[in-house]
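Here's the structure we're looking at; comments come further down.
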Amino acid sequence: MSKSAVLSPAEVKEALNGLLDPAWLRLRKVAHALARHRGLEAEDLLQEAFARALEGSRQCPRDIEVVRFLAEAMRSIASGALKARRRSPEGRASGDDESQDVLENVPDLGPSVEERLESAQEIALRRRAVLELFADDATAQLMVEGMMVGMEGEELRELVDLTPTEFASKRRLVRRRIDAAYPEGRK
């Protein structure tokens, strides 16, 4: 991408300084939606997107509005953080607390670690498969991610920043593509 096809860090800073309250609200909603199920802090995710845009490691194309660019940057950062966390072994905190000994002797009546891990992996695979249906449409993909975290109605429309007519059209596209891929529904 040529330099003239993207905003400079100074232009990104100027665009950020010019954002109105509804745009800030939308960015915060996107950050919360993306961070909620990935074990991240929404403000950290938002700040990381700002930092990368301002330092130039994430470049905003001129034909994309800054709010949409930042929303996509946050989605990408959150996805990368989730993948990195899955690759690294989680350390277990060890403590000398006596209550720890008592808790270790209580039988766990819930699903085993292996069952929970298999279930989480299965859910992640299903989500990834549905999101891949929209690999060619970032707006539809963002809409589906919002739906997956329980967003709906006006909140979802604000997330994808579409007019009511555009939103209804995009929602139909999402529904039709999922129905075509899973004609008998998800099992």
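Chain labels A, B, ... are given in the sequence in which chains occur in the structure tokens; within each chain residues are numbered consecutively from 1, and ligands are likewise numbered from 1 in the order shown.
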
Q: Please identify all polymer residues within 9 Å of range 158-163 of chain A, counting only C-alpha atoms, omitting same-chain residues fewer than 3 positions from it, and present them as JSON, numbers by chain.
A: {"A": [26, 27, 29, 30, 68, 71, 139, 140, 142, 143, 146, 151, 153, 154, 155, 166, 167, 168, 170]}

Long-range neighbours of Val149 in chain A as a compact mmCIF listing (two decimals) with N, CA and C atoms, in the first residue's frame, 10 Å cut-off, only C-alpha atoms, 4 positions minimum in chain:
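Output contents, as saved in out_11.txt:
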# COMPACT_ATOMS: atom_id res chain seq x y z
N HIS A 32 -15.42 -3.43 24.37
CA HIS A 32 -16.04 -4.30 25.38
C HIS A 32 -16.52 -5.60 24.77
N ALA A 33 -17.13 -5.53 23.59
CA ALA A 33 -17.63 -6.74 22.94
C ALA A 33 -16.50 -7.69 22.59
N LEU A 34 -15.40 -7.16 22.10
CA LEU A 34 -14.28 -8.00 21.69
C LEU A 34 -13.49 -8.52 22.89
N ARG A 36 -14.61 -9.02 26.01
CA ARG A 36 -15.42 -9.79 26.96
C ARG A 36 -15.08 -11.28 26.96
N HIS A 37 -15.01 -11.89 25.79
CA HIS A 37 -14.82 -13.34 25.72
C HIS A 37 -13.38 -13.73 25.40
N VAL A 144 -21.45 -10.51 12.94
CA VAL A 144 -21.57 -11.87 13.47
C VAL A 144 -20.85 -11.98 14.81
N GLU A 145 -19.67 -11.38 14.93
CA GLU A 145 -18.97 -11.40 16.22
C GLU A 145 -19.80 -10.73 17.30

Identify, with DSSP run on backbone atoms, the residues in range 10-185 of chain A assigned to alpha helix (DSSP H), and express the list as a compact mmCIF listing (two decimals) with N, CA, C and O atoms, in the first residue's frame.
# COMPACT_ATOMS: atom_id res chain seq x y z
N ALA A 10 0.13 11.48 11.99
CA ALA A 10 -0.37 12.82 12.35
C ALA A 10 -1.83 12.98 11.91
O ALA A 10 -2.63 13.58 12.63
N GLU A 11 -2.17 12.44 10.75
CA GLU A 11 -3.56 12.53 10.27
C GLU A 11 -4.48 11.67 11.13
O GLU A 11 -5.63 12.04 11.40
N VAL A 12 -3.98 10.52 11.58
CA VAL A 12 -4.77 9.67 12.47
C VAL A 12 -5.02 10.41 13.78
O VAL A 12 -6.14 10.43 14.29
N LYS A 13 -3.97 11.06 14.32
CA LYS A 13 -4.11 11.82 15.57
C LYS A 13 -5.15 12.93 15.39
O LYS A 13 -6.00 13.14 16.26
N GLU A 14 -5.08 13.62 14.27
CA GLU A 14 -6.05 14.69 14.00
C GLU A 14 -7.47 14.13 13.92
O GLU A 14 -8.41 14.72 14.45
N ALA A 15 -7.62 12.99 13.27
CA ALA A 15 -8.95 12.36 13.16
C ALA A 15 -9.46 11.94 14.54
O ALA A 15 -10.65 12.11 14.85
N LEU A 16 -8.58 11.40 15.38
CA LEU A 16 -8.98 11.00 16.73
C LEU A 16 -9.41 12.21 17.56
O LEU A 16 -10.39 12.15 18.30
N ASN A 17 -8.66 13.31 17.43
CA ASN A 17 -9.02 14.53 18.16
C ASN A 17 -10.36 15.09 17.71
O ASN A 17 -11.02 15.78 18.48
N ASP A 21 -18.70 12.34 20.50
CA ASP A 21 -19.08 11.39 21.54
C ASP A 21 -19.67 10.08 21.00
O ASP A 21 -19.32 9.01 21.50
N PRO A 22 -20.56 10.12 19.99
CA PRO A 22 -21.09 8.84 19.49
C PRO A 22 -20.01 7.92 18.93
O PRO A 22 -20.08 6.70 19.10
N ALA A 23 -18.99 8.48 18.32
CA ALA A 23 -17.89 7.67 17.79
C ALA A 23 -17.10 7.04 18.93
O ALA A 23 -16.72 5.87 18.87
N TRP A 24 -16.85 7.81 19.99
CA TRP A 24 -16.14 7.27 21.15
C TRP A 24 -16.94 6.16 21.81
O TRP A 24 -16.40 5.13 22.22
N LEU A 25 -18.25 6.36 21.91
CA LEU A 25 -19.14 5.35 22.49
C LEU A 25 -19.08 4.07 21.67
O LEU A 25 -18.96 2.97 22.21
N ARG A 26 -19.10 4.21 20.36
CA ARG A 26 -19.03 3.04 19.48
C ARG A 26 -17.71 2.30 19.67
O ARG A 26 -17.69 1.07 19.78
N LEU A 27 -16.61 3.04 19.74
CA LEU A 27 -15.31 2.40 19.93
C LEU A 27 -15.25 1.65 21.26
O LEU A 27 -14.72 0.54 21.33
N ARG A 28 -15.81 2.24 22.30
CA ARG A 28 -15.81 1.58 23.61
C ARG A 28 -16.69 0.33 23.58
O ARG A 28 -16.35 -0.69 24.18
N LYS A 29 -17.84 0.39 22.89
CA LYS A 29 -18.71 -0.78 22.78
C LYS A 29 -18.01 -1.91 22.04
O LYS A 29 -18.09 -3.07 22.43
N VAL A 30 -17.32 -1.55 20.97
CA VAL A 30 -16.58 -2.57 20.22
C VAL A 30 -15.51 -3.19 21.11
O VAL A 30 -15.36 -4.41 21.16
N ALA A 31 -14.78 -2.35 21.83
CA ALA A 31 -13.72 -2.85 22.71
C ALA A 31 -14.30 -3.80 23.76
O ALA A 31 -13.74 -4.88 24.01
N HIS A 32 -15.42 -3.43 24.37
CA HIS A 32 -16.04 -4.30 25.38
C HIS A 32 -16.52 -5.60 24.77
O HIS A 32 -16.33 -6.67 25.36
N ALA A 33 -17.13 -5.53 23.59
CA ALA A 33 -17.63 -6.74 22.94
C ALA A 33 -16.50 -7.69 22.59
O ALA A 33 -16.60 -8.90 22.79
N LEU A 34 -15.40 -7.16 22.10
CA LEU A 34 -14.28 -8.00 21.69
C LEU A 34 -13.49 -8.52 22.89
O LEU A 34 -12.99 -9.64 22.86
N ALA A 35 -13.38 -7.72 23.93
CA ALA A 35 -12.58 -8.11 25.09
C ALA A 35 -13.30 -9.10 26.00
O ALA A 35 -12.66 -9.93 26.64
N ARG A 36 -14.61 -9.02 26.01
CA ARG A 36 -15.42 -9.79 26.96
C ARG A 36 -15.08 -11.28 26.96
O ARG A 36 -14.90 -11.88 28.00
N ALA A 42 -11.06 -4.08 28.12
CA ALA A 42 -11.53 -3.28 27.00
C ALA A 42 -10.69 -2.02 26.79
O ALA A 42 -10.32 -1.70 25.66
N GLU A 43 -10.38 -1.33 27.87
CA GLU A 43 -9.58 -0.09 27.74
C GLU A 43 -8.18 -0.38 27.22
O GLU A 43 -7.64 0.38 26.43
N ASP A 44 -7.60 -1.50 27.66
CA ASP A 44 -6.27 -1.87 27.17
C ASP A 44 -6.31 -2.15 25.67
O ASP A 44 -5.41 -1.76 24.93
N LEU A 45 -7.36 -2.84 25.25
CA LEU A 45 -7.53 -3.16 23.83
C LEU A 45 -7.67 -1.87 23.01
O LEU A 45 -7.02 -1.70 21.98
N LEU A 46 -8.48 -0.96 23.48
CA LEU A 46 -8.68 0.32 22.80
C LEU A 46 -7.37 1.11 22.75
O LEU A 46 -6.99 1.63 21.69
N GLN A 47 -6.66 1.17 23.86
CA GLN A 47 -5.40 1.92 23.91
C GLN A 47 -4.34 1.29 22.99
O GLN A 47 -3.56 2.00 22.37
N GLU A 48 -4.33 -0.02 22.91
CA GLU A 48 -3.37 -0.69 22.04
C GLU A 48 -3.65 -0.36 20.57
O GLU A 48 -2.73 -0.12 19.79
N ALA A 49 -4.92 -0.31 20.21
CA ALA A 49 -5.28 0.07 18.84
C ALA A 49 -4.85 1.50 18.55
O ALA A 49 -4.30 1.79 17.48
N PHE A 50 -5.07 2.40 19.51
CA PHE A 50 -4.63 3.79 19.35
C PHE A 50 -3.12 3.86 19.17
O PHE A 50 -2.60 4.54 18.29
N ALA A 51 -2.40 3.16 20.06
CA ALA A 51 -0.94 3.21 20.03
C ALA A 51 -0.40 2.72 18.70
O ALA A 51 0.47 3.35 18.09
N ARG A 52 -0.94 1.62 18.21
CA ARG A 52 -0.45 1.07 16.94
C ARG A 52 -0.78 1.99 15.77
O ARG A 52 0.01 2.12 14.83
N ALA A 53 -1.93 2.63 15.81
CA ALA A 53 -2.30 3.55 14.74
C ALA A 53 -1.43 4.80 14.77
O ALA A 53 -1.01 5.30 13.73
N LEU A 54 -1.14 5.28 15.98
CA LEU A 54 -0.36 6.51 16.10
C LEU A 54 1.13 6.30 15.84
O LEU A 54 1.82 7.22 15.41
N GLU A 55 1.62 5.09 16.08
CA GLU A 55 3.03 4.84 15.80
C GLU A 55 3.25 4.40 14.36
O GLU A 55 4.38 4.33 13.89
N VAL A 66 -11.93 6.31 10.25
CA VAL A 66 -11.02 5.98 11.35
C VAL A 66 -11.70 5.08 12.39
O VAL A 66 -11.07 4.16 12.90
N VAL A 67 -12.97 5.32 12.67
CA VAL A 67 -13.66 4.50 13.68
C VAL A 67 -13.72 3.04 13.21
O VAL A 67 -13.43 2.12 13.97
N ARG A 68 -14.07 2.83 11.97
CA ARG A 68 -14.14 1.46 11.43
C ARG A 68 -12.75 0.83 11.42
O ARG A 68 -12.58 -0.33 11.77
N PHE A 69 -11.74 1.60 11.04
CA PHE A 69 -10.37 1.11 11.03
C PHE A 69 -9.95 0.66 12.43
O PHE A 69 -9.39 -0.41 12.61
N LEU A 70 -10.24 1.48 13.44
CA LEU A 70 -9.87 1.14 14.81
C LEU A 70 -10.64 -0.08 15.31
O LEU A 70 -10.08 -0.92 16.03
N ALA A 71 -11.91 -0.20 14.93
CA ALA A 71 -12.70 -1.37 15.32
C ALA A 71 -12.08 -2.64 14.74
O ALA A 71 -11.94 -3.65 15.43
N GLU A 72 -11.68 -2.58 13.49
CA GLU A 72 -11.04 -3.73 12.84
C GLU A 72 -9.67 -4.01 13.47
O GLU A 72 -9.28 -5.16 13.63
N ALA A 73 -8.95 -2.96 13.81
CA ALA A 73 -7.65 -3.13 14.45
C ALA A 73 -7.82 -3.83 15.81
O ALA A 73 -7.06 -4.74 16.15
N MET A 74 -8.84 -3.42 16.58
CA MET A 74 -9.09 -4.05 17.86
C MET A 74 -9.46 -5.52 17.69
O MET A 74 -9.01 -6.38 18.45
N ARG A 75 -10.26 -5.82 16.67
CA ARG A 75 -10.64 -7.21 16.40
C ARG A 75 -9.39 -8.04 16.11
O ARG A 75 -9.21 -9.14 16.62
N SER A 76 -8.52 -7.50 15.30
CA SER A 76 -7.29 -8.20 14.93
C SER A 76 -6.37 -8.37 16.15
O SER A 76 -5.80 -9.45 16.36
N ILE A 77 -6.22 -7.33 16.94
CA ILE A 77 -5.37 -7.40 18.14
C ILE A 77 -5.92 -8.42 19.12
O ILE A 77 -5.17 -9.24 19.67
N ALA A 78 -7.24 -8.40 19.34
CA ALA A 78 -7.87 -9.35 20.26
C ALA A 78 -7.70 -10.78 19.75
O ALA A 78 -7.40 -11.69 20.54
N SER A 79 -7.86 -10.97 18.48
CA SER A 79 -7.69 -12.30 17.89
C SER A 79 -6.25 -12.78 18.05
O SER A 79 -6.00 -13.93 18.41
N GLY A 80 -5.30 -11.89 17.81
CA GLY A 80 -3.89 -12.23 17.98
C GLY A 80 -3.55 -12.57 19.42
O GLY A 80 -2.79 -13.51 19.69
N ALA A 81 -4.12 -11.82 20.35
CA ALA A 81 -3.87 -12.08 21.77
C ALA A 81 -4.44 -13.43 22.18
O ALA A 81 -3.80 -14.18 22.93
N LEU A 82 -5.61 -13.77 21.67
CA LEU A 82 -6.23 -15.05 21.97
C LEU A 82 -5.38 -16.20 21.41
O LEU A 82 -5.13 -17.19 22.10
N LYS A 83 -4.91 -16.05 20.19
CA LYS A 83 -4.07 -17.09 19.58
C LYS A 83 -2.77 -17.25 20.36
O LYS A 83 -2.31 -18.36 20.59
N ALA A 84 -2.17 -16.15 20.77
CA ALA A 84 -0.92 -16.20 21.54
C ALA A 84 -1.14 -16.89 22.88
O ALA A 84 -0.31 -17.69 23.32
N ARG A 85 -2.26 -16.59 23.52
CA ARG A 85 -2.55 -17.20 24.81
C ARG A 85 -2.77 -18.70 24.66
O ARG A 85 -2.37 -19.48 25.51
N ARG A 86 -3.39 -19.12 23.56
CA ARG A 86 -3.61 -20.54 23.33
C ARG A 86 -2.30 -21.29 23.08
O ARG A 86 -2.20 -22.46 23.39
N ARG A 87 -1.33 -20.60 22.50
CA ARG A 87 -0.04 -21.24 22.20
C ARG A 87 0.85 -21.36 23.42
O ARG A 87 1.70 -22.23 23.48
N GLU A 98 -3.19 -22.31 53.57
CA GLU A 98 -3.78 -23.55 54.07
C GLU A 98 -5.11 -23.85 53.40
O GLU A 98 -5.47 -25.00 53.25
N SER A 99 -5.85 -22.85 53.03
CA SER A 99 -7.14 -23.07 52.38
C SER A 99 -6.96 -23.79 51.05
O SER A 99 -7.86 -24.48 50.59
N GLN A 100 -5.80 -23.65 50.46
CA GLN A 100 -5.53 -24.33 49.20
C GLN A 100 -5.58 -25.84 49.41
O GLN A 100 -6.12 -26.57 48.60
N ASP A 101 -5.02 -26.33 50.54
CA ASP A 101 -5.05 -27.76 50.84
C ASP A 101 -6.48 -28.26 50.99
O ASP A 101 -6.82 -29.35 50.53
N VAL A 102 -7.32 -27.51 51.67
CA VAL A 102 -8.72 -27.90 51.86
C VAL A 102 -9.42 -27.98 50.51
O VAL A 102 -10.14 -28.94 50.22
N LEU A 103 -9.21 -26.99 49.66
CA LEU A 103 -9.87 -26.98 48.36
C LEU A 103 -9.42 -28.12 47.47
O LEU A 103 -10.19 -28.62 46.66
N GLU A 104 -8.19 -28.57 47.62
CA GLU A 104 -7.69 -29.66 46.80
C GLU A 104 -8.38 -30.97 47.14
O GLU A 104 -8.45 -31.88 46.31
N VAL A 113 -11.33 -31.34 33.35
CA VAL A 113 -10.56 -30.34 32.62
C VAL A 113 -10.54 -30.70 31.14
O VAL A 113 -10.71 -29.84 30.28
N GLU A 114 -10.36 -31.98 30.86
CA GLU A 114 -10.32 -32.42 29.46
C GLU A 114 -11.65 -32.15 28.76
O GLU A 114 -11.69 -31.71 27.62
N GLU A 115 -12.76 -32.44 29.46
CA GLU A 115 -14.09 -32.21 28.87
C GLU A 115 -14.33 -30.72 28.63
O GLU A 115 -14.86 -30.32 27.60
N ARG A 116 -13.92 -29.89 29.60
CA ARG A 116 -14.09 -28.44 29.42
C ARG A 116 -13.22 -27.93 28.29
O ARG A 116 -13.65 -27.10 27.49
N LEU A 117 -12.00 -28.45 28.18
CA LEU A 117 -11.10 -28.05 27.11
C LEU A 117 -11.66 -28.47 25.75
O LEU A 117 -11.66 -27.68 24.80
N GLU A 118 -12.15 -29.72 25.65
CA GLU A 118 -12.74 -30.17 24.40
C GLU A 118 -13.94 -29.31 24.02
O GLU A 118 -14.11 -28.94 22.87
N SER A 119 -14.77 -28.99 25.00
CA SER A 119 -15.95 -28.16 24.76
C SER A 119 -15.54 -26.77 24.28
O SER A 119 -16.11 -26.24 23.33
N ALA A 120 -14.55 -26.18 24.94
CA ALA A 120 -14.08 -24.85 24.55
C ALA A 120 -13.49 -24.87 23.15
O ALA A 120 -13.72 -23.97 22.35
N GLN A 121 -12.73 -25.94 22.85
CA GLN A 121 -12.15 -26.05 21.51
C GLN A 121 -13.22 -26.24 20.46
O GLN A 121 -13.14 -25.67 19.37
N GLU A 122 -14.24 -27.02 20.77
CA GLU A 122 -15.34 -27.25 19.84
C GLU A 122 -16.09 -25.95 19.56
O GLU A 122 -16.40 -25.63 18.42
N ILE A 123 -16.34 -25.20 20.61
CA ILE A 123 -17.02 -23.91 20.45
C ILE A 123 -16.16 -22.96 19.60
O ILE A 123 -16.67 -22.30 18.70
N ALA A 124 -14.87 -22.91 19.88
CA ALA A 124 -13.96 -22.04 19.11
C ALA A 124 -13.94 -22.44 17.64
O ALA A 124 -13.96 -21.58 16.75
N LEU A 125 -13.93 -23.74 17.36
CA LEU A 125 -13.94 -24.22 15.97
C LEU A 125 -15.25 -23.84 15.27
O LEU A 125 -15.25 -23.43 14.12
N ARG A 126 -16.36 -23.99 15.98
CA ARG A 126 -17.66 -23.63 15.40
C ARG A 126 -17.71 -22.13 15.10
O ARG A 126 -18.16 -21.71 14.04
N ARG A 127 -17.25 -21.33 16.06
CA ARG A 127 -17.25 -19.88 15.86
C ARG A 127 -16.37 -19.50 14.67
O ARG A 127 -16.74 -18.68 13.84
N ARG A 128 -15.18 -20.11 14.61
CA ARG A 128 -14.26 -19.82 13.52
C ARG A 128 -14.88 -20.20 12.17
O ARG A 128 -14.77 -19.47 11.20
N ALA A 129 -15.57 -21.35 12.13
CA ALA A 129 -16.20 -21.79 10.88
C ALA A 129 -17.27 -20.80 10.43
O ALA A 129 -17.36 -20.48 9.24
N VAL A 130 -18.06 -20.31 11.37
CA VAL A 130 -19.09 -19.33 11.01
C VAL A 130 -18.45 -18.03 10.56
O VAL A 130 -18.85 -17.44 9.56
N LEU A 131 -17.42 -17.57 11.28
CA LEU A 131 -16.75 -16.32 10.90
C LEU A 131 -16.08 -16.43 9.53
O LEU A 131 -16.04 -15.46 8.78
N GLU A 132 -15.58 -17.62 9.19
CA GLU A 132 -14.94 -17.82 7.89
C GLU A 132 -15.94 -17.67 6.74
O GLU A 132 -15.54 -17.36 5.62
N ALA A 138 -15.82 -7.71 5.94
CA ALA A 138 -15.42 -7.35 7.31
C ALA A 138 -16.60 -6.84 8.13
O ALA A 138 -16.70 -7.12 9.33
N THR A 139 -17.52 -6.12 7.52
CA THR A 139 -18.67 -5.59 8.25
C THR A 139 -19.58 -6.73 8.71
O THR A 139 -20.01 -6.76 9.87
N ALA A 140 -19.85 -7.68 7.82
CA ALA A 140 -20.68 -8.83 8.19
C ALA A 140 -19.99 -9.65 9.27
O ALA A 140 -20.63 -10.13 10.21
N GLN A 141 -18.68 -9.78 9.17
CA GLN A 141 -17.93 -10.54 10.16
C GLN A 141 -18.00 -9.87 11.53
O GLN A 141 -18.21 -10.53 12.54
N LEU A 142 -17.87 -8.55 11.55
CA LEU A 142 -17.99 -7.81 12.81
C LEU A 142 -19.40 -7.95 13.37
O LEU A 142 -19.59 -8.11 14.59
N MET A 143 -20.41 -7.93 12.50
CA MET A 143 -21.79 -8.10 12.93
C MET A 143 -21.98 -9.48 13.57
O MET A 143 -22.59 -9.60 14.64
N VAL A 144 -21.45 -10.51 12.94
CA VAL A 144 -21.57 -11.87 13.47
C VAL A 144 -20.85 -11.98 14.81
O VAL A 144 -21.37 -12.59 15.75
N GLU A 145 -19.67 -11.38 14.93
CA GLU A 145 -18.97 -11.40 16.22
C GLU A 145 -19.80 -10.73 17.30
O GLU A 145 -19.87 -11.20 18.43
N GLY A 146 -20.42 -9.61 16.95
CA GLY A 146 -21.29 -8.94 17.91
C GLY A 146 -22.45 -9.82 18.33
O GLY A 146 -22.80 -9.90 19.51
N MET A 147 -23.05 -10.52 17.35
CA MET A 147 -24.15 -11.44 17.67
C MET A 147 -23.68 -12.56 18.58
O MET A 147 -24.40 -12.99 19.48
N MET A 148 -22.47 -13.03 18.34
CA MET A 148 -21.93 -14.14 19.14
C MET A 148 -21.73 -13.75 20.61
O MET A 148 -21.73 -14.63 21.47
N GLY A 153 -30.11 -5.71 18.03
CA GLY A 153 -30.84 -4.47 17.83
C GLY A 153 -29.95 -3.27 17.58
O GLY A 153 -28.98 -3.33 16.83
N GLU A 154 -30.32 -2.17 18.21
CA GLU A 154 -29.64 -0.90 18.01
C GLU A 154 -28.17 -0.96 18.41
O GLU A 154 -27.31 -0.36 17.78
N GLU A 155 -27.88 -1.70 19.47
CA GLU A 155 -26.49 -1.85 19.91
C GLU A 155 -25.64 -2.49 18.81
O GLU A 155 -24.54 -2.03 18.52
N LEU A 156 -26.19 -3.51 18.17
CA LEU A 156 -25.48 -4.19 17.09
C LEU A 156 -25.35 -3.28 15.87
O LEU A 156 -24.31 -3.21 15.23
N ARG A 157 -26.41 -2.53 15.57
CA ARG A 157 -26.36 -1.61 14.43
C ARG A 157 -25.30 -0.53 14.65
O ARG A 157 -24.55 -0.18 13.73
N GLU A 158 -25.21 -0.03 15.86
CA GLU A 158 -24.19 0.98 16.17
C GLU A 158 -22.78 0.39 16.07
O GLU A 158 -21.85 1.07 15.66
N LEU A 159 -22.64 -0.87 16.46
CA LEU A 159 -21.34 -1.54 16.38
C LEU A 159 -20.82 -1.54 14.95
O LEU A 159 -19.66 -1.24 14.71
N VAL A 160 -21.68 -1.87 14.01
CA VAL A 160 -21.24 -1.96 12.61
C VAL A 160 -21.39 -0.63 11.87
O VAL A 160 -21.00 -0.53 10.71
N PRO A 164 -30.12 2.17 9.20
CA PRO A 164 -31.10 1.09 9.42
C PRO A 164 -31.33 0.23 8.17
O PRO A 164 -31.43 -1.00 8.27
N THR A 165 -31.39 0.84 7.01
CA THR A 165 -31.60 0.08 5.77
C THR A 165 -30.39 -0.79 5.45
O THR A 165 -30.54 -1.98 5.12
N GLU A 166 -29.18 -0.23 5.59
CA GLU A 166 -27.96 -1.01 5.34
C GLU A 166 -27.85 -2.16 6.34
O GLU A 166 -27.45 -3.28 5.99
N PHE A 167 -28.22 -1.87 7.58
CA PHE A 167 -28.16 -2.88 8.63
C PHE A 167 -29.11 -4.05 8.32
O PHE A 167 -28.73 -5.21 8.42
N ALA A 168 -30.35 -3.73 7.92
CA ALA A 168 -31.32 -4.77 7.59
C ALA A 168 -30.82 -5.62 6.42
O ALA A 168 -30.94 -6.84 6.42
N SER A 169 -30.24 -4.97 5.44
CA SER A 169 -29.71 -5.67 4.28
C SER A 169 -28.55 -6.58 4.68
O SER A 169 -28.47 -7.75 4.26
N LYS A 170 -27.64 -6.07 5.51
CA LYS A 170 -26.48 -6.86 5.94
C LYS A 170 -26.93 -8.03 6.82
O LYS A 170 -26.42 -9.14 6.72
N ARG A 171 -27.94 -7.79 7.63
CA ARG A 171 -28.47 -8.85 8.51
C ARG A 171 -29.08 -9.97 7.68
O ARG A 171 -28.92 -11.15 8.00
N ARG A 172 -29.80 -9.60 6.59
CA ARG A 172 -30.36 -10.60 5.68
C ARG A 172 -29.23 -11.42 5.04
O ARG A 172 -29.32 -12.64 4.92
N LEU A 173 -28.17 -10.73 4.60
CA LEU A 173 -27.03 -11.42 4.01
C LEU A 173 -26.45 -12.43 4.99
O LEU A 173 -26.17 -13.58 4.62
N VAL A 174 -26.27 -12.02 6.23
CA VAL A 174 -25.72 -12.89 7.26
C VAL A 174 -26.63 -14.11 7.44
O VAL A 174 -26.16 -15.26 7.43
N ARG A 175 -27.90 -13.88 7.61
CA ARG A 175 -28.85 -14.98 7.82
C ARG A 175 -28.86 -15.94 6.64
O ARG A 175 -28.80 -17.16 6.80
N ARG A 176 -28.89 -15.41 5.42
CA ARG A 176 -28.92 -16.26 4.23
C ARG A 176 -27.65 -17.08 4.08
O ARG A 176 -27.69 -18.25 3.70
N ARG A 177 -26.51 -16.46 4.35
CA ARG A 177 -25.24 -17.18 4.19
C ARG A 177 -25.13 -18.30 5.23
O ARG A 177 -24.68 -19.40 4.92
N ILE A 178 -25.56 -18.04 6.44
CA ILE A 178 -25.53 -19.08 7.47
C ILE A 178 -26.53 -20.18 7.14
O ILE A 178 -26.21 -21.37 7.25
N ASP A 179 -27.74 -19.80 6.70
CA ASP A 179 -28.74 -20.81 6.32
C ASP A 179 -28.26 -21.67 5.16
O ASP A 179 -28.50 -22.88 5.14
N ALA A 180 -27.54 -21.07 4.21
CA ALA A 180 -27.01 -21.83 3.07
C ALA A 180 -25.92 -22.80 3.52
O ALA A 180 -25.84 -23.93 3.03
N ALA A 181 -25.09 -22.37 4.45
CA ALA A 181 -24.00 -23.22 4.92
C ALA A 181 -24.50 -24.32 5.85
O ALA A 181 -23.92 -25.41 5.89

(Q) Could you list, as a VMD selection string, every residue within 8 Å of Pro61 in chain A, counting only C-alpha atoms and ignoring same-chain residues fewer than 4 positions away? (A) chain A and resid 5 to 7

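The coordinates place CA of Asp137 in chain A at 19.0 Å from CA of Glu152 in chain A.
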